[in-house]
Amino acid sequence: GNSVTQMEGPVTLSEEAFLTINCTYTATGYPSLFWYVQYPGEGLQLLLKATKADDKGSNKGFEATYRKETTSFHLEKGSVQVSDSAVYFCALATSNNNDMRFGAGTRLTVKP
Amino acid sequence: SAVISQKPSRDICQRGTSLTIQCQVDSQVTMMFWYRQQPGQSLTLIATANQGSEATYESGFVIDKFPISRPNLTFSTLTVSNMSPEDSSIYLCSVEFGESYEQYFGPGTRLTVT
């Protein structure tokens with residue numbers, strides 16, 4: 001079945017450091033891939049997405065590239081800010097099923 | 001995208017009681033879902049709320065415990081019945097929007113059962 005494996009963390013970085021959160025997936029068919037962010041006390045917000053191989057999703061300085069050959073969708077940001085502190089979820093969805101599969105989530109803390 | 005609201009935002013309930021959570025969307029959507037997020041964990045799909053028919057439940061979730069209504073294309077309710085402390089979680093509704101299966105989430109209902 002479809003699944004997502006995500007680096008669990010927690011991850012603690014200093015402000016302006018480089019961020020990578022690893023995500024790999026297993027899926028039948030051709031999944032769409034997503035990163036969601038959950039700020040403290042809030043619901044999930046869609047951060048970025050990619051719908052086919054080699055697509056790059058980007059938003060708010062975050063980027064992730066859909067790599068079919070390595071079945072990966074790693075999240076990166078060149079310079080993190082304190083306001084980026086949140087939990088990040090990798091997810092996939094396909095046309096074969098109605099639901100979305102989520103990774104375990106990675107808690108990021110950015111210190112000034 | 002869509003604007004999604006949930007009521008209540010949080011509640012503290014006693015063991016054995018029931019709570020109904022409402023989810024309202026500002027536009028008509030075909031697919032609506034209910035998730036549970038236990039403390040410090042990822043999201044688990046409870047069910048797909050189908051308009052005009054019974055909800056489709058995932059393994060481990062049953063209608064008697066989590067009855068769902070979907071009277072139209074903008075509204076759904078989830079009831080958590082006969083609650084126990086193990087039901088303490090955040091409950092989130094979501095809608096599928098667009099052509100790439102992306103989902104948008106409500107702000108969640110934080111439930112504590114004592």
# chains A, B, ... in the order shown; residues from 1 in each chain; ligands from 1
>>> interface_residues(of="chain A", to="chain B", cutoff="9 Å", atoms="only C-alpha atoms", output="short mmCIF file (atom, residue, chain, number, x, y, z; two decimals) with all heavy atoms, in the first residue's frame")
data_model
loop_
_atom_site.label_atom_id
_atom_site.label_comp_id
_atom_site.auth_asym_id
_atom_site.auth_seq_id
_atom_site.Cartn_x
_atom_site.Cartn_y
_atom_site.Cartn_z
N PRO A 31 1.72 9.23 -7.59
CA PRO A 31 1.21 10.08 -6.50
C PRO A 31 1.49 11.55 -6.72
O PRO A 31 2.44 11.93 -7.41
CB PRO A 31 1.98 9.57 -5.28
CG PRO A 31 3.28 9.06 -5.84
CD PRO A 31 2.92 8.47 -7.18
N SER A 32 0.66 12.37 -6.10
CA SER A 32 0.99 13.77 -5.85
C SER A 32 1.62 13.83 -4.46
O SER A 32 1.22 13.08 -3.57
CB SER A 32 -0.28 14.63 -5.89
OG SER A 32 -0.83 14.66 -7.19
N LEU A 33 2.59 14.71 -4.31
CA LEU A 33 3.34 14.80 -3.05
C LEU A 33 3.17 16.17 -2.43
O LEU A 33 3.10 17.18 -3.15
CB LEU A 33 4.82 14.49 -3.30
CG LEU A 33 5.11 13.12 -3.90
CD1 LEU A 33 6.59 13.01 -4.25
CD2 LEU A 33 4.71 12.01 -2.95
N PHE A 34 3.15 16.21 -1.10
CA PHE A 34 2.85 17.44 -0.40
C PHE A 34 3.72 17.57 0.85
O PHE A 34 4.15 16.58 1.44
CB PHE A 34 1.37 17.44 0.07
CG PHE A 34 0.38 17.14 -1.00
CD1 PHE A 34 -0.01 15.84 -1.27
CD2 PHE A 34 -0.18 18.16 -1.75
CE1 PHE A 34 -0.93 15.55 -2.28
CE2 PHE A 34 -1.09 17.89 -2.74
CZ PHE A 34 -1.47 16.59 -3.01
N GLY A 41 -0.60 24.88 18.11
CA GLY A 41 -1.99 25.17 18.40
C GLY A 41 -2.87 25.37 17.20
O GLY A 41 -4.03 25.78 17.34
N GLU A 42 -2.37 25.08 16.01
CA GLU A 42 -3.15 25.32 14.80
C GLU A 42 -3.35 24.04 14.00
O GLU A 42 -2.79 22.99 14.31
CB GLU A 42 -2.45 26.36 13.93
CG GLU A 42 -2.29 27.72 14.61
CD GLU A 42 -1.70 28.76 13.67
OE1 GLU A 42 -1.64 28.52 12.45
OE2 GLU A 42 -1.30 29.83 14.18
N GLY A 43 -4.18 24.14 12.97
CA GLY A 43 -4.38 23.02 12.06
C GLY A 43 -3.27 22.96 11.03
O GLY A 43 -2.28 23.69 11.10
N LEU A 44 -3.41 22.05 10.07
CA LEU A 44 -2.39 21.88 9.04
C LEU A 44 -2.60 22.88 7.91
O LEU A 44 -3.72 23.11 7.47
CB LEU A 44 -2.44 20.48 8.46
CG LEU A 44 -1.59 19.43 9.17
CD1 LEU A 44 -2.18 19.11 10.52
CD2 LEU A 44 -1.49 18.17 8.32
N GLN A 45 -1.49 23.41 7.42
CA GLN A 45 -1.52 24.29 6.26
C GLN A 45 -0.70 23.67 5.16
O GLN A 45 0.40 23.16 5.40
CB GLN A 45 -0.93 25.66 6.61
CG GLN A 45 -1.65 26.42 7.69
CD GLN A 45 -0.95 27.73 8.00
OE1 GLN A 45 -0.24 28.29 7.17
NE2 GLN A 45 -1.15 28.23 9.22
N LEU A 46 -1.22 23.72 3.95
CA LEU A 46 -0.46 23.23 2.81
C LEU A 46 0.71 24.17 2.56
O LEU A 46 0.52 25.36 2.35
CB LEU A 46 -1.35 23.14 1.58
CG LEU A 46 -0.69 22.68 0.30
CD1 LEU A 46 -0.18 21.25 0.44
CD2 LEU A 46 -1.67 22.78 -0.87
N LYS A 49 3.54 21.66 -2.97
CA LYS A 49 3.15 20.39 -3.57
C LYS A 49 3.89 20.19 -4.88
O LYS A 49 4.43 21.14 -5.47
CB LYS A 49 1.65 20.36 -3.84
CG LYS A 49 1.20 21.34 -4.92
CD LYS A 49 -0.28 21.23 -5.20
CE LYS A 49 -0.68 22.20 -6.33
NZ LYS A 49 -2.12 22.16 -6.62
N ALA A 50 3.90 18.94 -5.35
CA ALA A 50 4.42 18.60 -6.67
C ALA A 50 3.59 17.43 -7.18
O ALA A 50 3.30 16.49 -6.43
CB ALA A 50 5.89 18.22 -6.60
N THR A 51 3.21 17.48 -8.42
CA THR A 51 2.27 16.50 -8.93
C THR A 51 2.88 15.50 -9.92
O THR A 51 2.22 14.51 -10.26
CB THR A 51 1.08 17.18 -9.61
OG1 THR A 51 1.59 18.00 -10.68
CG2 THR A 51 0.33 18.06 -8.62
N PHE A 89 4.89 17.90 7.97
CA PHE A 89 4.40 16.59 7.56
C PHE A 89 4.55 16.42 6.06
O PHE A 89 4.10 17.26 5.28
CB PHE A 89 2.91 16.41 7.91
CG PHE A 89 2.61 16.36 9.37
CD1 PHE A 89 2.26 17.52 10.06
CD2 PHE A 89 2.66 15.17 10.06
CE1 PHE A 89 1.97 17.48 11.42
CE2 PHE A 89 2.37 15.12 11.42
CZ PHE A 89 2.03 16.27 12.10
N LEU A 92 1.30 12.03 0.75
CA LEU A 92 1.04 11.69 -0.66
C LEU A 92 -0.41 11.33 -0.84
O LEU A 92 -1.10 10.91 0.08
CB LEU A 92 1.94 10.55 -1.12
CG LEU A 92 1.73 9.11 -0.62
CD1 LEU A 92 0.60 8.39 -1.37
CD2 LEU A 92 3.00 8.30 -0.80
N ALA A 93 -0.86 11.49 -2.08
CA ALA A 93 -2.21 11.09 -2.46
C ALA A 93 -2.16 10.61 -3.90
O ALA A 93 -1.38 11.11 -4.71
CB ALA A 93 -3.18 12.25 -2.32
N THR A 94 -2.99 9.60 -4.19
CA THR A 94 -3.07 9.09 -5.56
C THR A 94 -4.51 9.00 -5.98
O THR A 94 -5.43 9.09 -5.16
CB THR A 94 -2.43 7.70 -5.67
OG1 THR A 94 -3.29 6.74 -5.05
CG2 THR A 94 -1.06 7.65 -5.02
N SER A 95 -4.70 8.73 -7.24
CA SER A 95 -6.06 8.56 -7.75
C SER A 95 -6.65 7.22 -7.37
O SER A 95 -7.82 6.98 -7.55
CB SER A 95 -6.06 8.70 -9.27
OG SER A 95 -5.22 7.72 -9.84
N ASN A 98 -8.94 7.60 -1.90
CA ASN A 98 -9.42 8.94 -1.61
C ASN A 98 -8.63 9.63 -0.50
O ASN A 98 -8.73 10.83 -0.35
CB ASN A 98 -10.90 8.87 -1.20
CG ASN A 98 -11.78 8.54 -2.38
OD1 ASN A 98 -11.46 8.91 -3.51
ND2 ASN A 98 -12.87 7.86 -2.14
N ASP A 99 -7.93 8.86 0.31
CA ASP A 99 -7.33 9.50 1.46
C ASP A 99 -5.88 9.87 1.21
O ASP A 99 -5.27 9.42 0.26
CB ASP A 99 -7.43 8.59 2.68
CG ASP A 99 -6.63 7.31 2.49
OD1 ASP A 99 -7.03 6.50 1.64
OD2 ASP A 99 -5.62 7.13 3.17
N MET A 100 -5.36 10.68 2.09
CA MET A 100 -4.01 11.16 2.02
C MET A 100 -3.19 10.42 3.08
O MET A 100 -3.65 10.24 4.19
CB MET A 100 -3.99 12.66 2.25
CG MET A 100 -2.66 13.31 2.11
SD MET A 100 -2.82 15.11 2.06
CE MET A 100 -3.36 15.35 0.38
N ARG A 101 -1.99 9.99 2.72
CA ARG A 101 -1.11 9.30 3.68
C ARG A 101 -0.08 10.28 4.18
O ARG A 101 0.58 10.96 3.39
CB ARG A 101 -0.41 8.12 3.00
CG ARG A 101 -1.36 7.12 2.40
CD ARG A 101 -2.07 6.29 3.45
NE ARG A 101 -3.10 5.43 2.86
CZ ARG A 101 -3.78 4.52 3.51
NH1 ARG A 101 -3.55 4.33 4.81
NH2 ARG A 101 -4.70 3.81 2.91
N PHE A 102 0.08 10.32 5.49
CA PHE A 102 0.98 11.26 6.13
C PHE A 102 2.18 10.56 6.73
O PHE A 102 2.07 9.44 7.24
CB PHE A 102 0.26 12.03 7.23
CG PHE A 102 -0.72 13.04 6.72
CD1 PHE A 102 -2.02 12.67 6.42
CD2 PHE A 102 -0.34 14.36 6.52
CE1 PHE A 102 -2.92 13.60 5.94
CE2 PHE A 102 -1.24 15.29 6.03
CZ PHE A 102 -2.52 14.91 5.74
N GLY A 103 3.32 11.24 6.70
CA GLY A 103 4.45 10.80 7.48
C GLY A 103 4.24 11.11 8.95
O GLY A 103 3.22 11.71 9.34
N ALA A 104 5.20 10.72 9.76
CA ALA A 104 5.07 10.84 11.21
C ALA A 104 5.18 12.28 11.70
O ALA A 104 4.79 12.58 12.82
CB ALA A 104 6.13 9.97 11.90
N GLY A 105 5.71 13.14 10.86
CA GLY A 105 5.90 14.54 11.27
C GLY A 105 7.29 14.77 11.83
O GLY A 105 7.86 13.89 12.50
#
>>> residues_around(residues="stretch 2-9 of chain B", least_positions_apart="4", cutoff="6 Å", atoms="only C-alpha atoms", output="list in words")
Ile21, Gln22, Cys23, Gln24, Val25, Asp26, Gly106 and Thr109 of chain B
>>> write_last_selection(atoms="N, CA, C and O atoms", output="PDB file, in the first residue's frame")
ATOM      1  N   ILE B  21     -18.851  17.536  16.719  1.00  0.00           N
ATOM      2  CA  ILE B  21     -17.971  18.539  16.131  1.00  0.00           C
ATOM      3  C   ILE B  21     -18.528  18.918  14.771  1.00  0.00           C
ATOM      4  O   ILE B  21     -18.878  18.038  13.976  1.00  0.00           O
ATOM      5  N   GLN B  22     -18.595  20.213  14.505  1.00  0.00           N
ATOM      6  CA  GLN B  22     -19.116  20.691  13.228  1.00  0.00           C
ATOM      7  C   GLN B  22     -17.989  21.186  12.329  1.00  0.00           C
ATOM      8  O   GLN B  22     -17.016  21.770  12.810  1.00  0.00           O
ATOM      9  N   CYS B  23     -18.161  20.972  11.048  1.00  0.00           N
ATOM     10  CA  CYS B  23     -17.208  21.445  10.049  1.00  0.00           C
ATOM     11  C   CYS B  23     -17.986  22.137   8.936  1.00  0.00           C
ATOM     12  O   CYS B  23     -18.879  21.529   8.333  1.00  0.00           O
ATOM     13  N   GLN B  24     -17.643  23.396   8.695  1.00  0.00           N
ATOM     14  CA  GLN B  24     -18.332  24.207   7.695  1.00  0.00           C
ATOM     15  C   GLN B  24     -17.325  24.696   6.663  1.00  0.00           C
ATOM     16  O   GLN B  24     -16.254  25.200   7.027  1.00  0.00           O
ATOM     17  N   VAL B  25     -17.670  24.570   5.392  1.00  0.00           N
ATOM     18  CA  VAL B  25     -16.801  25.012   4.295  1.00  0.00           C
ATOM     19  C   VAL B  25     -17.493  26.142   3.560  1.00  0.00           C
ATOM     20  O   VAL B  25     -18.724  26.133   3.436  1.00  0.00           O
ATOM     21  N   ASP B  26     -16.712  27.078   3.034  1.00  0.00           N
ATOM     22  CA  ASP B  26     -17.311  28.247   2.402  1.00  0.00           C
ATOM     23  C   ASP B  26     -17.664  28.024   0.927  1.00  0.00           C
ATOM     24  O   ASP B  26     -18.115  28.939   0.253  1.00  0.00           O
ATOM     25  N   GLY B 106      -9.342  22.157   8.363  1.00  0.00           N
ATOM     26  CA  GLY B 106      -9.868  23.067   9.341  1.00  0.00           C
ATOM     27  C   GLY B 106      -8.870  23.261  10.472  1.00  0.00           C
ATOM     28  O   GLY B 106      -7.856  22.567  10.546  1.00  0.00           O
ATOM     29  N   THR B 109     -10.316  20.578  16.358  1.00  0.00           N
ATOM     30  CA  THR B 109     -11.021  20.624  17.647  1.00  0.00           C
ATOM     31  C   THR B 109     -10.198  19.834  18.637  1.00  0.00           C
ATOM     32  O   THR B 109      -9.981  18.633  18.455  1.00  0.00           O
TER      33      THR B 109
END
>>> atom_distance(atom1="atom CA of A:Val82", atom2="atom CA of A:Ser58")
19.1 Å
>>> closest_residue(among="A:Leu48, A:Leu75, A:Ala27, A:Val11", to="A:Arg107", atoms="only C-alpha atoms")
A:Val11
>>> closest_residue(among="A:Gly29, A:Asp54, A:Phe18, A:Tyr88", to="A:Thr70", atoms="only C-alpha atoms")
A:Asp54
>>> residues_around(residues="B:Phe61", least_positions_apart="4", cutoff="12 Å", atoms="only C-alpha atoms", output="short mmCIF file (atom, residue, chain, number, x, y, z; two decimals) with C-alpha atoms, in the first residue's frame")
data_model
loop_
_atom_site.label_atom_id
_atom_site.label_comp_id
_atom_site.auth_asym_id
_atom_site.auth_seq_id
_atom_site.Cartn_x
_atom_site.Cartn_y
_atom_site.Cartn_z
CA TRP B 34 -12.31 13.45 9.29
CA TYR B 35 -8.93 12.81 10.89
CA ARG B 36 -7.70 12.20 14.41
CA THR B 44 -5.02 9.08 11.11
CA LEU B 45 -8.00 9.06 8.79
CA ILE B 46 -11.25 8.19 10.58
CA ALA B 47 -13.65 8.28 7.65
CA THR B 48 -14.69 9.89 4.41
CA ALA B 55 -19.67 7.55 5.67
CA THR B 56 -16.84 5.24 4.66
CA TYR B 57 -14.85 4.23 7.74
CA LYS B 65 -18.36 5.22 18.05
CA PHE B 66 -17.89 7.96 15.43
CA PRO B 67 -21.20 8.67 13.69
CA ILE B 68 -20.85 11.17 10.84
CA VAL B 80 -17.38 11.11 19.40
CA SER B 81 -19.64 8.82 21.43
CA ASP B 87 -10.35 9.72 22.83
#
>>> select_by_dssp(residues="chain B", states="strand (DSSP E)", output="number ranges by chain")
B: 4-7, 10-13, 19-25, 32-37, 43-49, 56-57, 68-72, 75-80, 89-96, 103-105, 109-113
>>> atom_distance(atom1="atom CA of B:Arg10", atom2="atom CA of A:Glu8")
27.1 Å
>>> atom_distance(atom1="atom CA of B:Ser53", atom2="atom CA of B:Asn72")
10.6 Å
>>> decode(residues="chain B", atoms="C-alpha atoms", output="mmCIF file, in the first residue's frame")
data_model
loop_
_atom_site.group_PDB
_atom_site.id
_atom_site.type_symbol
_atom_site.label_atom_id
_atom_site.label_comp_id
_atom_site.auth_asym_id
_atom_site.auth_seq_id
_atom_site.Cartn_x
_atom_site.Cartn_y
_atom_site.Cartn_z
ATOM 1 C CA SER B 1 -8.482 26.868 -1.791
ATOM 2 C CA ALA B 2 -11.349 26.841 0.707
ATOM 3 C CA VAL B 3 -12.042 28.414 4.089
ATOM 4 C CA ILE B 4 -12.916 25.777 6.654
ATOM 5 C CA SER B 5 -14.210 26.383 10.160
ATOM 6 C CA GLN B 6 -14.752 23.965 13.003
ATOM 7 C CA LYS B 7 -16.806 24.206 16.183
ATOM 8 C CA PRO B 8 -15.970 23.916 18.973
ATOM 9 C CA SER B 9 -12.296 24.785 18.858
ATOM 10 C CA ARG B 10 -11.730 22.910 22.093
ATOM 11 C CA ASP B 11 -13.702 21.168 24.809
ATOM 12 C CA ILE B 12 -13.210 19.279 28.025
ATOM 13 C CA CYS B 13 -15.702 16.453 28.442
ATOM 14 C CA GLN B 14 -16.479 13.832 31.005
ATOM 15 C CA ARG B 15 -16.066 10.146 30.443
ATOM 16 C CA GLY B 16 -19.172 8.493 28.989
ATOM 17 C CA THR B 17 -20.580 11.589 27.325
ATOM 18 C CA SER B 18 -20.682 12.459 23.610
ATOM 19 C CA LEU B 19 -19.480 15.487 21.661
ATOM 20 C CA THR B 20 -20.511 16.598 18.184
ATOM 21 C CA ILE B 21 -17.971 18.539 16.131
ATOM 22 C CA GLN B 22 -19.116 20.691 13.228
ATOM 23 C CA CYS B 23 -17.208 21.445 10.049
ATOM 24 C CA GLN B 24 -18.332 24.207 7.695
ATOM 25 C CA VAL B 25 -16.801 25.012 4.295
ATOM 26 C CA ASP B 26 -17.311 28.247 2.402
ATOM 27 C CA SER B 27 -17.827 26.490 -0.946
ATOM 28 C CA GLN B 28 -19.300 23.244 -2.203
ATOM 29 C CA VAL B 29 -16.867 20.343 -2.138
ATOM 30 C CA THR B 30 -17.302 16.723 -3.073
ATOM 31 C CA MET B 31 -14.820 15.113 -0.715
ATOM 32 C CA MET B 32 -14.734 15.734 3.028
ATOM 33 C CA PHE B 33 -12.695 13.797 5.542
ATOM 34 C CA TRP B 34 -12.314 13.450 9.295
ATOM 35 C CA TYR B 35 -8.927 12.806 10.895
ATOM 36 C CA ARG B 36 -7.698 12.203 14.406
ATOM 37 C CA GLN B 37 -4.338 13.458 15.642
ATOM 38 C CA GLN B 38 -3.350 11.982 18.967
ATOM 39 C CA PRO B 39 -0.916 13.980 21.111
ATOM 40 C CA GLY B 40 2.468 14.298 19.444
ATOM 41 C CA GLN B 41 1.502 12.017 16.577
ATOM 42 C CA SER B 42 0.618 12.136 12.909
ATOM 43 C CA LEU B 43 -2.847 12.163 11.389
ATOM 44 C CA THR B 44 -5.019 9.081 11.114
ATOM 45 C CA LEU B 45 -8.001 9.056 8.794
ATOM 46 C CA ILE B 46 -11.246 8.190 10.585
ATOM 47 C CA ALA B 47 -13.648 8.280 7.653
ATOM 48 C CA THR B 48 -14.693 9.888 4.411
ATOM 49 C CA ALA B 49 -17.940 11.828 4.812
ATOM 50 C CA ASN B 50 -20.187 11.112 1.835
ATOM 51 C CA GLN B 51 -23.005 13.454 0.956
ATOM 52 C CA GLY B 52 -26.331 11.651 0.883
ATOM 53 C CA SER B 53 -24.993 8.277 2.004
ATOM 54 C CA GLU B 54 -23.250 6.600 4.902
ATOM 55 C CA ALA B 55 -19.673 7.551 5.673
ATOM 56 C CA THR B 56 -16.840 5.240 4.661
ATOM 57 C CA TYR B 57 -14.846 4.230 7.740
ATOM 58 C CA GLU B 58 -11.218 3.204 7.938
ATOM 59 C CA SER B 59 -10.079 0.064 9.679
ATOM 60 C CA GLY B 60 -10.323 0.477 13.438
ATOM 61 C CA PHE B 61 -13.105 3.058 13.360
ATOM 62 C CA VAL B 62 -16.823 2.206 13.543
ATOM 63 C CA ILE B 63 -20.025 4.108 13.009
ATOM 64 C CA ASP B 64 -21.357 3.459 16.508
ATOM 65 C CA LYS B 65 -18.359 5.218 18.046
ATOM 66 C CA PHE B 66 -17.893 7.958 15.431
ATOM 67 C CA PRO B 67 -21.205 8.668 13.692
ATOM 68 C CA ILE B 68 -20.852 11.167 10.841
ATOM 69 C CA SER B 69 -23.431 13.245 9.038
ATOM 70 C CA ARG B 70 -23.062 15.036 5.696
ATOM 71 C CA PRO B 71 -26.375 16.680 4.877
ATOM 72 C CA ASN B 72 -25.016 18.861 2.043
ATOM 73 C CA LEU B 73 -21.845 19.771 0.161
ATOM 74 C CA THR B 74 -20.653 22.409 2.652
ATOM 75 C CA PHE B 75 -21.260 20.869 6.075
ATOM 76 C CA SER B 76 -20.443 17.763 8.097
ATOM 77 C CA THR B 77 -20.495 16.647 11.709
ATOM 78 C CA LEU B 78 -18.491 14.064 13.598
ATOM 79 C CA THR B 79 -19.736 12.742 16.929
ATOM 80 C CA VAL B 80 -17.382 11.114 19.396
ATOM 81 C CA SER B 81 -19.643 8.823 21.429
ATOM 82 C CA ASN B 82 -19.314 7.353 24.902
ATOM 83 C CA MET B 83 -15.977 9.059 25.344
ATOM 84 C CA SER B 84 -13.024 7.726 27.301
ATOM 85 C CA PRO B 85 -9.673 9.411 28.089
ATOM 86 C CA GLU B 86 -8.167 7.545 25.099
ATOM 87 C CA ASP B 87 -10.351 9.723 22.832
ATOM 88 C CA SER B 88 -8.412 12.823 23.892
ATOM 89 C CA SER B 89 -7.052 14.090 20.576
ATOM 90 C CA ILE B 90 -7.275 16.817 18.004
ATOM 91 C CA TYR B 91 -10.019 16.111 15.472
ATOM 92 C CA LEU B 92 -9.597 17.692 12.054
ATOM 93 C CA CYS B 93 -11.864 17.924 9.083
ATOM 94 C CA SER B 94 -10.482 18.411 5.616
ATOM 95 C CA VAL B 95 -11.726 18.893 2.077
ATOM 96 C CA GLU B 96 -10.219 17.825 -1.187
ATOM 97 C CA PHE B 97 -9.892 20.693 -3.596
ATOM 98 C CA GLY B 98 -8.413 20.950 -7.052
ATOM 99 C CA GLU B 99 -7.175 18.350 -9.457
ATOM 100 C CA SER B 100 -4.120 17.103 -7.627
ATOM 101 C CA TYR B 101 -5.845 15.559 -4.591
ATOM 102 C CA GLU B 102 -4.585 18.236 -2.215
ATOM 103 C CA GLN B 103 -6.507 18.639 0.989
ATOM 104 C CA TYR B 104 -7.211 21.720 3.052
ATOM 105 C CA PHE B 105 -7.727 21.415 6.768
ATOM 106 C CA GLY B 106 -9.868 23.067 9.341
ATOM 107 C CA PRO B 107 -8.239 24.497 12.465
ATOM 108 C CA GLY B 108 -9.073 21.395 14.488
ATOM 109 C CA THR B 109 -11.021 20.624 17.647
ATOM 110 C CA ARG B 110 -8.910 19.863 20.691
ATOM 111 C CA LEU B 111 -10.783 17.359 22.854
ATOM 112 C CA THR B 112 -9.805 16.416 26.379
ATOM 113 C CA VAL B 113 -11.725 13.646 28.133
ATOM 114 C CA THR B 114 -11.480 13.448 31.919
#
